[in-house]
file my_file_12.txt (compact mmCIF, C-alpha atoms and all ligand atoms)
# COMPACT_ATOMS: atom_id res chain seq x y z
CA MET P 1 -6.85 -17.26 0.92
CA ASN P 2 -5.22 -14.07 2.01
CA GLU P 3 -6.13 -10.85 0.19
CA ASN P 4 -2.63 -9.70 -0.50
CA PRO P 5 -1.36 -10.71 -3.94
CA MET P 6 2.24 -10.15 -2.82
CA VAL P 7 2.03 -12.67 -0.04
CA PRO P 8 1.85 -16.30 -1.15
CA ASP P 9 -0.66 -18.75 0.21
CA LEU P 10 1.16 -21.23 2.32
CA ALA P 11 0.82 -24.10 -0.09
CA LEU P 12 3.64 -22.69 -2.16
CA PRO P 13 3.58 -23.88 -5.76
CA GLU P 14 6.50 -25.78 -7.25
CA GLU P 15 6.81 -23.01 -9.80
CA PRO P 16 4.89 -19.75 -9.90
CA ALA P 17 1.95 -20.13 -12.27
CA GLU P 18 2.94 -17.21 -14.43
CA ARG P 19 6.29 -18.68 -15.24
CA SER P 20 5.50 -21.17 -17.94
CA LEU P 21 7.93 -23.87 -18.99
CA SER P 22 9.30 -21.68 -21.72
CA GLY P 23 10.30 -19.25 -19.00
CA VAL P 24 8.17 -16.51 -20.53
CA ALA P 25 5.67 -14.75 -18.32
CA ASP P 26 2.09 -15.33 -19.42
CA PHE P 27 0.89 -11.90 -18.52
CA GLY P 28 2.21 -8.45 -18.00
CA ARG P 29 5.80 -7.50 -18.01
CA VAL P 30 7.87 -8.05 -14.93
CA VAL P 31 9.14 -4.62 -14.02
CA THR P 32 11.61 -4.05 -11.26
CA PRO P 33 11.31 -0.86 -9.24
CA GLY P 34 14.58 0.28 -10.79
CA GLU P 35 12.80 0.34 -14.12
CA ILE P 36 10.22 2.87 -13.03
CA ASP P 37 10.84 6.10 -14.89
CA VAL P 38 10.58 8.84 -12.29
CA SER P 39 12.52 11.37 -14.34
CA HIS P 40 9.71 13.91 -13.88
CA GLY P 41 9.62 13.36 -10.13
CA THR P 42 6.26 11.59 -10.14
CA ILE P 43 5.79 8.04 -8.86
CA LEU P 44 2.02 7.83 -9.33
CA TYR P 45 -0.27 9.73 -11.65
CA LEU P 46 -4.04 9.46 -11.91
CA GLU P 47 -5.96 11.58 -14.40
CA ASP P 48 -9.73 11.80 -14.80
CA VAL P 49 -10.30 8.36 -13.32
CA THR P 50 -13.93 7.34 -13.18
CA VAL P 51 -15.37 4.17 -11.66
CA SER P 52 -19.11 3.47 -11.65
CA PHE P 53 -20.98 0.83 -9.70
CA ASP P 54 -24.48 0.44 -11.14
CA GLY P 55 -24.47 4.03 -12.31
CA PHE P 56 -23.10 5.38 -9.02
CA ARG P 57 -19.77 7.15 -9.47
CA ALA P 58 -17.45 5.95 -6.72
CA LEU P 59 -14.66 7.85 -8.49
CA ASN P 60 -15.65 10.86 -10.52
CA ALA P 61 -12.88 12.24 -12.74
CA LEU P 62 -10.30 11.83 -9.99
CA THR P 63 -6.97 13.49 -10.76
CA LEU P 64 -4.06 13.18 -8.36
CA SER P 65 -0.33 12.64 -8.41
CA ILE P 66 2.30 11.63 -5.88
CA ASP P 67 5.92 12.71 -5.95
CA VAL P 68 8.66 10.16 -5.71
CA GLY P 69 9.68 9.73 -2.06
CA GLU P 70 6.57 11.52 -0.81
CA LEU P 71 4.44 10.32 2.11
CA ARG P 72 0.95 11.47 1.11
CA CYS P 73 -1.97 11.34 3.49
CA ILE P 74 -5.46 11.03 2.04
CA ILE P 75 -8.45 11.91 4.18
CA GLY P 76 -12.15 12.23 3.47
CA PRO P 77 -15.58 11.07 4.59
CA ASN P 78 -16.82 7.47 4.42
CA GLY P 79 -17.72 6.56 0.87
CA ALA P 80 -15.45 9.23 -0.64
CA GLY P 81 -13.81 6.61 -2.87
CA LYS P 82 -10.47 6.25 -1.07
CA THR P 83 -10.43 2.46 -1.03
CA THR P 84 -11.82 2.34 -4.56
CA MET P 85 -8.88 4.50 -5.66
CA MET P 86 -6.47 1.95 -4.14
CA ASP P 87 -8.42 -0.84 -5.86
CA VAL P 88 -7.88 0.92 -9.18
CA ILE P 89 -4.17 1.52 -8.58
CA THR P 90 -3.59 -2.14 -7.66
CA GLY P 91 -5.62 -3.54 -10.55
CA LYS P 92 -8.43 -4.92 -8.42
CA THR P 93 -10.98 -2.64 -10.05
CA GLU P 94 -10.91 -1.59 -13.66
CA PRO P 95 -11.72 2.09 -14.20
CA ASP P 96 -14.39 3.06 -16.76
CA SER P 97 -12.04 5.75 -18.02
CA GLY P 98 -8.94 7.70 -17.07
CA LYS P 99 -5.20 7.27 -16.82
CA VAL P 100 -3.28 5.48 -14.07
CA PHE P 101 0.51 5.51 -14.41
CA LEU P 102 3.37 4.30 -12.27
CA GLY P 103 6.19 6.66 -13.14
CA GLN P 104 6.14 8.08 -16.66
CA THR P 105 5.68 4.92 -18.62
CA ILE P 106 3.96 2.08 -16.78
CA ASP P 107 0.26 2.05 -17.61
CA LEU P 108 -1.33 0.26 -14.66
CA THR P 109 -4.72 0.00 -16.37
CA ARG P 110 -3.19 -2.55 -18.74
CA MET P 111 -1.85 -4.79 -15.99
CA ASN P 112 -3.37 -7.34 -13.63
CA GLU P 113 -2.95 -7.46 -9.84
CA PRO P 114 0.11 -9.74 -9.67
CA SER P 115 2.02 -7.79 -12.33
CA ILE P 116 1.23 -4.51 -10.59
CA ALA P 117 2.49 -5.95 -7.31
CA ARG P 118 5.68 -7.10 -9.03
CA ALA P 119 6.08 -3.71 -10.67
CA GLY P 120 6.70 -2.34 -7.19
CA ILE P 121 3.37 -1.44 -5.59
CA GLY P 122 2.76 -2.95 -2.16
CA ARG P 123 -0.64 -2.71 -0.51
CA LYS P 124 -1.54 -2.97 3.11
CA PHE P 125 -5.16 -3.90 3.68
CA GLN P 126 -6.95 -2.77 6.80
CA LYS P 127 -7.04 -6.21 8.40
CA PRO P 128 -3.59 -7.62 9.09
CA THR P 129 -2.81 -10.58 6.82
CA VAL P 130 0.04 -12.49 8.42
CA PHE P 131 0.67 -16.22 8.69
CA GLU P 132 -0.61 -16.71 12.23
CA GLN P 133 0.74 -20.26 12.66
CA HIS P 134 4.28 -19.26 11.71
CA PRO P 135 6.94 -17.40 13.68
CA VAL P 136 7.47 -13.73 12.97
CA TRP P 137 10.84 -14.48 11.39
CA GLU P 138 9.34 -16.97 8.95
CA ASN P 139 6.66 -14.51 7.95
CA LEU P 140 9.37 -12.16 6.73
CA GLU P 141 11.23 -15.01 5.04
CA LEU P 142 8.10 -16.14 3.18
CA ALA P 143 7.37 -12.58 2.09
CA MET P 144 10.86 -12.28 0.66
CA LYS P 145 10.55 -15.58 -1.17
CA ALA P 146 7.33 -14.40 -2.74
CA ASP P 147 9.38 -11.73 -4.42
CA LYS P 148 10.59 -12.28 -7.93
CA GLY P 149 13.87 -14.06 -8.27
CA TRP P 150 13.48 -15.99 -5.05
CA TRP P 151 11.50 -18.85 -6.50
CA ALA P 152 14.60 -20.55 -7.78
CA SER P 153 16.05 -20.77 -4.30
CA LEU P 154 12.83 -21.66 -2.58
CA ARG P 155 14.31 -24.65 -0.83
CA ALA P 156 17.82 -23.32 -0.62
CA ARG P 157 19.14 -22.15 2.72
CA LEU P 158 18.82 -18.50 3.47
CA ASP P 159 22.05 -16.86 2.54
CA ARG P 160 23.71 -14.34 4.77
CA GLN P 161 22.46 -11.36 2.83
CA ALA P 162 18.88 -12.51 3.13
CA GLN P 163 19.29 -13.11 6.86
CA ALA P 164 20.71 -9.63 7.26
CA ARG P 165 17.71 -8.15 5.48
CA ILE P 166 15.32 -10.00 7.74
CA GLU P 167 17.21 -8.78 10.80
CA GLU P 168 17.23 -5.20 9.55
CA THR P 169 13.51 -5.34 8.90
CA LEU P 170 12.81 -6.83 12.33
CA GLU P 171 14.66 -3.93 13.87
CA LEU P 172 12.82 -1.41 11.74
CA ILE P 173 9.40 -2.75 12.75
CA HIS P 174 10.51 -3.12 16.39
CA LEU P 175 9.85 -6.85 16.54
CA GLU P 176 13.40 -8.11 17.22
CA SER P 177 12.40 -9.58 20.55
CA GLU P 178 9.34 -11.27 19.03
CA ALA P 179 11.18 -12.95 16.14
CA ARG P 180 10.57 -16.50 17.36
CA ARG P 181 7.00 -15.99 18.52
CA LEU P 182 4.07 -17.15 16.43
CA ALA P 183 2.60 -14.24 14.48
CA GLY P 184 -0.83 -15.21 15.81
CA GLU P 185 0.30 -14.33 19.34
CA LEU P 186 1.19 -10.74 18.49
CA SER P 187 -0.96 -7.76 19.44
CA HIS P 188 -2.98 -6.04 16.72
CA GLY P 189 -0.41 -3.22 16.46
CA GLN P 190 2.48 -5.69 16.23
CA LYS P 191 0.69 -7.64 13.50
CA GLN P 192 0.16 -4.45 11.53
CA ARG P 193 3.88 -3.65 11.82
CA LEU P 194 4.75 -7.21 10.80
CA GLU P 195 2.63 -6.94 7.69
CA ILE P 196 4.35 -3.68 6.78
CA GLY P 197 7.66 -5.50 7.31
CA MET P 198 6.50 -8.26 4.97
CA LEU P 199 5.71 -5.69 2.31
CA LEU P 200 9.11 -4.05 2.84
CA MET P 201 10.87 -7.38 2.23
CA GLN P 202 9.75 -6.98 -1.37
CA GLN P 203 11.32 -3.52 -1.61
CA PRO P 204 8.28 -1.75 -3.04
CA ALA P 205 8.63 1.58 -4.82
CA LEU P 206 5.19 2.64 -3.62
CA LEU P 207 3.32 1.49 -0.53
CA LEU P 208 -0.43 1.95 -0.22
CA LEU P 209 -1.79 1.79 3.31
CA ASP P 210 -5.54 1.80 3.88
CA GLU P 211 -6.40 2.92 7.43
CA PRO P 212 -3.33 1.28 8.98
CA ALA P 213 -4.01 2.77 12.43
CA ALA P 214 -7.61 1.53 12.65
CA GLY P 215 -8.16 -0.48 15.83
CA MET P 216 -4.79 0.48 17.31
CA THR P 217 -4.20 1.89 20.76
CA ASP P 218 -2.80 5.43 20.96
CA ASP P 219 0.67 4.07 21.70
CA GLU P 220 0.53 1.64 18.78
CA THR P 221 -0.66 4.46 16.51
CA MET P 222 2.27 6.67 17.43
CA GLN P 223 4.71 3.77 17.00
CA LEU P 224 3.30 3.23 13.53
CA ALA P 225 3.66 6.93 12.72
CA GLU P 226 7.29 6.70 13.83
CA LEU P 227 7.87 3.69 11.58
CA LEU P 228 6.32 5.35 8.52
CA ASN P 229 8.24 8.56 9.18
CA HIS P 230 11.39 6.49 9.37
CA LEU P 231 10.59 4.89 5.98
CA ARG P 232 10.11 8.30 4.40
CA GLY P 233 12.37 8.64 1.39
CA THR P 234 13.09 4.91 1.08
CA CYS P 235 9.80 4.38 -0.72
CA SER P 236 6.85 6.54 -1.68
CA MET P 237 3.73 6.09 0.41
CA MET P 238 0.03 6.81 0.20
CA VAL P 239 -1.75 6.57 3.53
CA VAL P 240 -5.52 6.71 3.85
CA GLU P 241 -6.53 7.53 7.40
CA HIS P 242 -9.33 8.98 9.52
CA ASP P 243 -7.27 9.46 12.69
CA MET P 244 -6.31 13.13 12.51
CA GLU P 245 -3.57 12.92 15.13
CA PHE P 246 -1.95 10.17 13.11
CA VAL P 247 -2.29 12.27 9.94
CA ALA P 248 -0.73 15.22 11.78
CA ALA P 249 2.18 13.03 12.93
CA LEU P 250 2.79 11.90 9.34
CA SER P 251 2.29 15.14 7.47
CA GLY P 252 4.01 17.53 9.88
CA LYS P 253 3.86 21.19 8.92
CA ALA P 254 4.90 20.92 5.29
CA GLY P 255 3.58 17.53 4.09
CA LYS P 256 0.70 17.58 1.65
CA VAL P 257 -2.70 16.17 2.52
CA THR P 258 -5.36 15.38 -0.07
CA VAL P 259 -9.01 15.54 0.90
CA MET P 260 -11.34 13.36 -1.17
CA ALA P 261 -15.11 13.58 -1.28
CA GLU P 262 -17.65 12.14 -3.70
CA GLY P 263 -15.03 10.45 -5.82
CA ARG P 264 -12.76 13.40 -6.42
CA VAL P 265 -10.26 15.75 -4.82
CA LEU P 266 -12.01 18.31 -2.67
CA ALA P 267 -8.90 20.06 -1.37
CA HIS P 268 -5.14 19.68 -1.32
CA GLY P 269 -2.51 21.39 0.79
CA THR P 270 -0.80 21.21 4.15
CA LEU P 271 -2.93 19.86 7.00
CA ASP P 272 -3.37 23.40 8.35
CA GLU P 273 -4.47 24.64 4.94
CA VAL P 274 -7.05 21.93 4.34
CA LYS P 275 -8.36 22.23 7.90
CA ARG P 276 -9.12 25.90 7.21
CA ASP P 277 -10.80 25.14 3.87
CA GLU P 278 -14.52 25.95 4.06
CA THR P 279 -15.60 23.10 1.79
CA VAL P 280 -13.58 20.62 3.86
CA ILE P 281 -15.10 21.90 7.10
CA GLU P 282 -18.58 21.56 5.58
CA SER P 283 -18.20 18.09 4.16
CA TYR P 284 -15.80 16.36 6.50
CA LEU P 285 -14.38 17.96 9.55
CA GLY P 286 -17.53 19.65 10.79
CA ARG P 287 -17.72 22.86 12.76
N1 LIG O 1 -17.79 -3.24 -5.32
C1 LIG O 1 -18.66 -2.25 -5.11
N2 LIG O 1 -19.92 -2.31 -5.57
C2 LIG O 1 -20.80 -1.32 -5.37
N3 LIG O 1 -20.50 -0.18 -4.72
C3 LIG O 1 -19.26 -0.05 -4.23
C4 LIG O 1 -18.27 -1.08 -4.39
N4 LIG O 1 -17.12 -0.66 -3.80
C5 LIG O 1 -17.38 0.56 -3.28
N5 LIG O 1 -18.65 0.93 -3.55
C6 LIG O 1 -19.28 2.20 -3.18
O1 LIG O 1 -18.43 3.22 -3.63
C7 LIG O 1 -18.37 4.30 -2.69
C8 LIG O 1 -16.94 4.53 -2.31
O2 LIG O 1 -16.50 3.48 -1.47
P1 LIG O 1 -15.05 3.40 -0.87
O3 LIG O 1 -15.00 2.12 -0.12
O4 LIG O 1 -14.06 3.60 -1.93
O5 LIG O 1 -15.04 4.64 0.13
P2 LIG O 1 -13.93 5.04 1.21
O6 LIG O 1 -13.57 6.46 0.93
O7 LIG O 1 -12.86 4.05 1.24
O8 LIG O 1 -14.79 5.00 2.56
P3 LIG O 1 -14.36 4.58 4.05
O9 LIG O 1 -13.72 5.80 4.65
O10 LIG O 1 -15.65 4.25 4.71
O11 LIG O 1 -13.44 3.40 3.95
C9 LIG O 1 -19.25 3.88 -1.53
O12 LIG O 1 -20.53 4.50 -1.70
C10 LIG O 1 -19.38 2.38 -1.67
O13 LIG O 1 -20.59 1.91 -1.17
MG MG O 2 -12.15 2.70 2.68

call {"tool": "encode", "arguments": {"input": "my_file_12.txt", "output": "structure tokens"}}
result
Amino acid sequence: MNENPMVPDLALPEEPAERSLSGVADFGRVVTPGEIDVSHGTILYLEDVTVSFDGFRALNALTLSIDVGELRCIIGPNGAGKTTMMDVITGKTEPDSGKVFLGQTIDLTRMNEPSIARAGIGRKFQKPTVFEQHPVWENLELAMKADKGWWASLRARLDRQAQARIEETLELIHLESEARRLAGELSHGQKQRLEIGMLLMQQPALLLLDEPAAGMTDDETMQLAELLNHLRGTCSMMVVEHDMEFVAALSGKAGKVTVMAEGRVLAHGTLDEVKRDETVIESYLGR
């Protein structure tokens, strides 16, 4: 089983489970990204979110919001709750209390993982999850078919529009020359870019990336920064990362960085601002 709810396991079902014979979804509401109400400029809003594990507060009244089109970097020490926050946003972990909204109206705490994925939130886990035994091209094709609306044409030939989208994505992730190679033969950095490409095939409104540069060479890291910078504006992104050079390449001079510690926001501002913050220096960056 792969971890990513947006990517199907290879034994593709005849019909997706949630589409019952009556044609009515059994859970959640299928929301297309176009239906996300971003009239107030906010794509994601968390307020006072608390998550406890056996009395330990992994998230402690966390409040944070992301503007539509923003590329937000999140930094903070190990155990700060960064991954737990992504688990809450994607429906993997239920918060004890607090609000989690996609746009103005979509209450993510009421939805399960597959409906949240379909609502337009794509998540990149740390470990690349690609179909190793399949060519790069097919990985993108399968990711697209996992998207809503594609089930009907599962066995139909790829139409021209779909082919064009795959080609565009290959170009974007710089894997044009690898299209026919098995995904399993790619380098770690190439696999990470492929998985991002697979998420992009589903045209997410918000992409969550948890330590995407971990284990990459310096060159691969900078290529990834270039890709994410290129995506800026086409979807909103939340990137959790420890690599400060990567964070600097993504946030530039004006981009906002959020520092988390002990389950809440410790500081927020430009990278230069948070680097100068005494509490951040104490708890994370060191002297
Ligand atoms: N399922 C769980 N059960 C119990 N404790 C958990 C669980 N998930 C996370 N925790 C604890 O919650 C705290 C926050 O963990 P989390 O993984 O969110 O931190 P993080 O900021 O992502 O850290 P890192 O930078 O190391 O990835 C940690 O102390 C962790 O041990
Ligand atoms: Mg983590």

call {"tool": "residues_near_ligand", "arguments": {"input": "my_file_12.txt", "ligand": "ligand LIG 1 (chain O)", "cutoff": "6 Å", "atoms": "only C-alpha atoms and all ligand atoms", "output": "number ranges by chain"}}
result
P: 53, 58, 77-84

call {"tool": "write_last_selection", "arguments": {"input": "my_file_12.txt", "atoms": "C-alpha atoms", "output": "mmCIF file, keeping the file's coordinate frame"}}
result
data_model
loop_
_atom_site.group_PDB
_atom_site.id
_atom_site.type_symbol
_atom_site.label_atom_id
_atom_site.label_comp_id
_atom_site.auth_asym_id
_atom_site.auth_seq_id
_atom_site.Cartn_x
_atom_site.Cartn_y
_atom_site.Cartn_z
ATOM 1 C CA PHE P 53 -20.980 0.830 -9.700
ATOM 2 C CA ALA P 58 -17.450 5.950 -6.720
ATOM 3 C CA PRO P 77 -15.580 11.070 4.590
ATOM 4 C CA ASN P 78 -16.820 7.470 4.420
ATOM 5 C CA GLY P 79 -17.720 6.560 0.870
ATOM 6 C CA ALA P 80 -15.450 9.230 -0.640
ATOM 7 C CA GLY P 81 -13.810 6.610 -2.870
ATOM 8 C CA LYS P 82 -10.470 6.250 -1.070
ATOM 9 C CA THR P 83 -10.430 2.460 -1.030
ATOM 10 C CA THR P 84 -11.820 2.340 -4.560
#

call {"tool": "residues_near_ligand", "arguments": {"input": "my_file_12.txt", "ligand": "ligand MG 2 (chain O)", "cutoff": "12 Å", "atoms": "only C-alpha atoms and all ligand atoms", "output": "number ranges by chain"}}
result
P: 58, 74-87, 125-127, 209-212, 214, 239-242, 260-261, 263

call {"tool": "residues_around", "arguments": {"input": "my_file_12.txt", "residues": "stretch 178-189 of chain P", "least_positions_apart": "4", "cutoff": "7 Å", "atoms": "all atoms listed in the file", "output": "list of chain:residue names"}}
result
P:Val130, P:Phe131, P:Glu132, P:Gln133, P:His134, P:Pro135, P:Val136, P:Trp137, P:Arg193, P:Met216, P:Glu220

call {"tool": "atom_distance", "arguments": {"input": "my_file_12.txt", "atom1": "atom CA of P:Leu175", "atom2": "atom CA of P:Phe246"}}
result
21.0 Å

call {"tool": "residues_around", "arguments": {"input": "my_file_12.txt", "residues": "P:Thr270", "least_positions_apart": "3", "cutoff": "7 Å", "atoms": "all atoms listed in the file", "output": "PyMOL selection string"}}
result
chain P and resi 253-257+273-274

call {"tool": "closest_residue", "arguments": {"input": "my_file_12.txt", "among": "P:Cys73, P:Lys191, P:Val265, P:Gly286", "to": "P:Glu245", "atoms": "only C-alpha atoms"}}
result
P:Cys73

call {"tool": "atom_distance", "arguments": {"input": "my_file_12.txt", "atom1": "atom CA of P:Glu94", "atom2": "atom CA of P:Leu62"}}
result
13.9 Å

call {"tool": "closest_residue", "arguments": {"input": "my_file_12.txt", "among": "P:Glu262, P:Glu278, P:Asp159, P:Asp107", "to": "P:Ser52", "atoms": "only C-alpha atoms"}}
result
P:Glu262

call {"tool": "build_atoms", "arguments": {"input": "my_file_12.txt", "residues": "stretch 209-225 of chain P", "atoms": "N, CA and C atoms", "output": "mmCIF file, keeping the file's coordinate frame"}}
result
data_model
loop_
_atom_site.group_PDB
_atom_site.id
_atom_site.type_symbol
_atom_site.label_atom_id
_atom_site.label_comp_id
_atom_site.auth_asym_id
_atom_site.auth_seq_id
_atom_site.Cartn_x
_atom_site.Cartn_y
_atom_site.Cartn_z
ATOM 1 N N LEU P 209 -1.318 2.261 2.004
ATOM 2 C CA LEU P 209 -1.790 1.790 3.310
ATOM 3 C C LEU P 209 -3.190 2.329 3.564
ATOM 4 N N ASP P 210 -4.146 1.414 3.694
ATOM 5 C CA ASP P 210 -5.540 1.800 3.880
ATOM 6 C C ASP P 210 -5.907 1.699 5.367
ATOM 7 N N GLU P 211 -6.053 2.823 5.996
ATOM 8 C CA GLU P 211 -6.400 2.920 7.430
ATOM 9 C C GLU P 211 -5.532 2.016 8.304
ATOM 10 N N PRO P 212 -4.212 2.186 8.230
ATOM 11 C CA PRO P 212 -3.330 1.280 8.980
ATOM 12 C C PRO P 212 -3.460 1.431 10.497
ATOM 13 N N ALA P 213 -3.943 2.563 10.974
ATOM 14 C CA ALA P 213 -4.010 2.770 12.430
ATOM 15 C C ALA P 213 -5.358 2.349 13.019
ATOM 16 N N ALA P 214 -6.279 1.911 12.148
ATOM 17 C CA ALA P 214 -7.610 1.530 12.650
ATOM 18 C C ALA P 214 -7.476 0.415 13.686
ATOM 19 N N GLY P 215 -8.157 0.557 14.798
ATOM 20 C CA GLY P 215 -8.160 -0.480 15.830
ATOM 21 C C GLY P 215 -6.924 -0.503 16.708
ATOM 22 N N MET P 216 -6.019 0.447 16.504
ATOM 23 C CA MET P 216 -4.790 0.480 17.310
ATOM 24 C C MET P 216 -4.991 1.326 18.553
ATOM 25 N N THR P 217 -4.213 1.019 19.588
ATOM 26 C CA THR P 217 -4.200 1.890 20.760
ATOM 27 C C THR P 217 -3.431 3.159 20.389
ATOM 28 N N ASP P 218 -3.517 4.182 21.237
ATOM 29 C CA ASP P 218 -2.800 5.430 20.960
ATOM 30 C C ASP P 218 -1.295 5.197 20.843
ATOM 31 N N ASP P 219 -0.768 4.357 21.738
ATOM 32 C CA ASP P 219 0.670 4.070 21.700
ATOM 33 C C ASP P 219 1.061 3.373 20.411
ATOM 34 N N GLU P 220 0.247 2.376 20.023
ATOM 35 C CA GLU P 220 0.530 1.640 18.780
ATOM 36 C C GLU P 220 0.468 2.578 17.583
ATOM 37 N N THR P 221 -0.505 3.502 17.615
ATOM 38 C CA THR P 221 -0.660 4.460 16.510
ATOM 39 C C THR P 221 0.585 5.328 16.379
ATOM 40 N N MET P 222 1.090 5.807 17.488
ATOM 41 C CA MET P 222 2.270 6.670 17.430
ATOM 42 C C MET P 222 3.520 5.890 17.023
ATOM 43 N N GLN P 223 3.592 4.612 17.438
ATOM 44 C CA GLN P 223 4.710 3.770 17.000
ATOM 45 C C GLN P 223 4.680 3.564 15.488
ATOM 46 N N LEU P 224 3.453 3.408 14.971
ATOM 47 C CA LEU P 224 3.300 3.230 13.530
ATOM 48 C C LEU P 224 3.701 4.507 12.791
ATOM 49 N N ALA P 225 3.295 5.654 13.345
ATOM 50 C CA ALA P 225 3.660 6.930 12.720
ATOM 51 C C ALA P 225 5.191 7.062 12.672
#
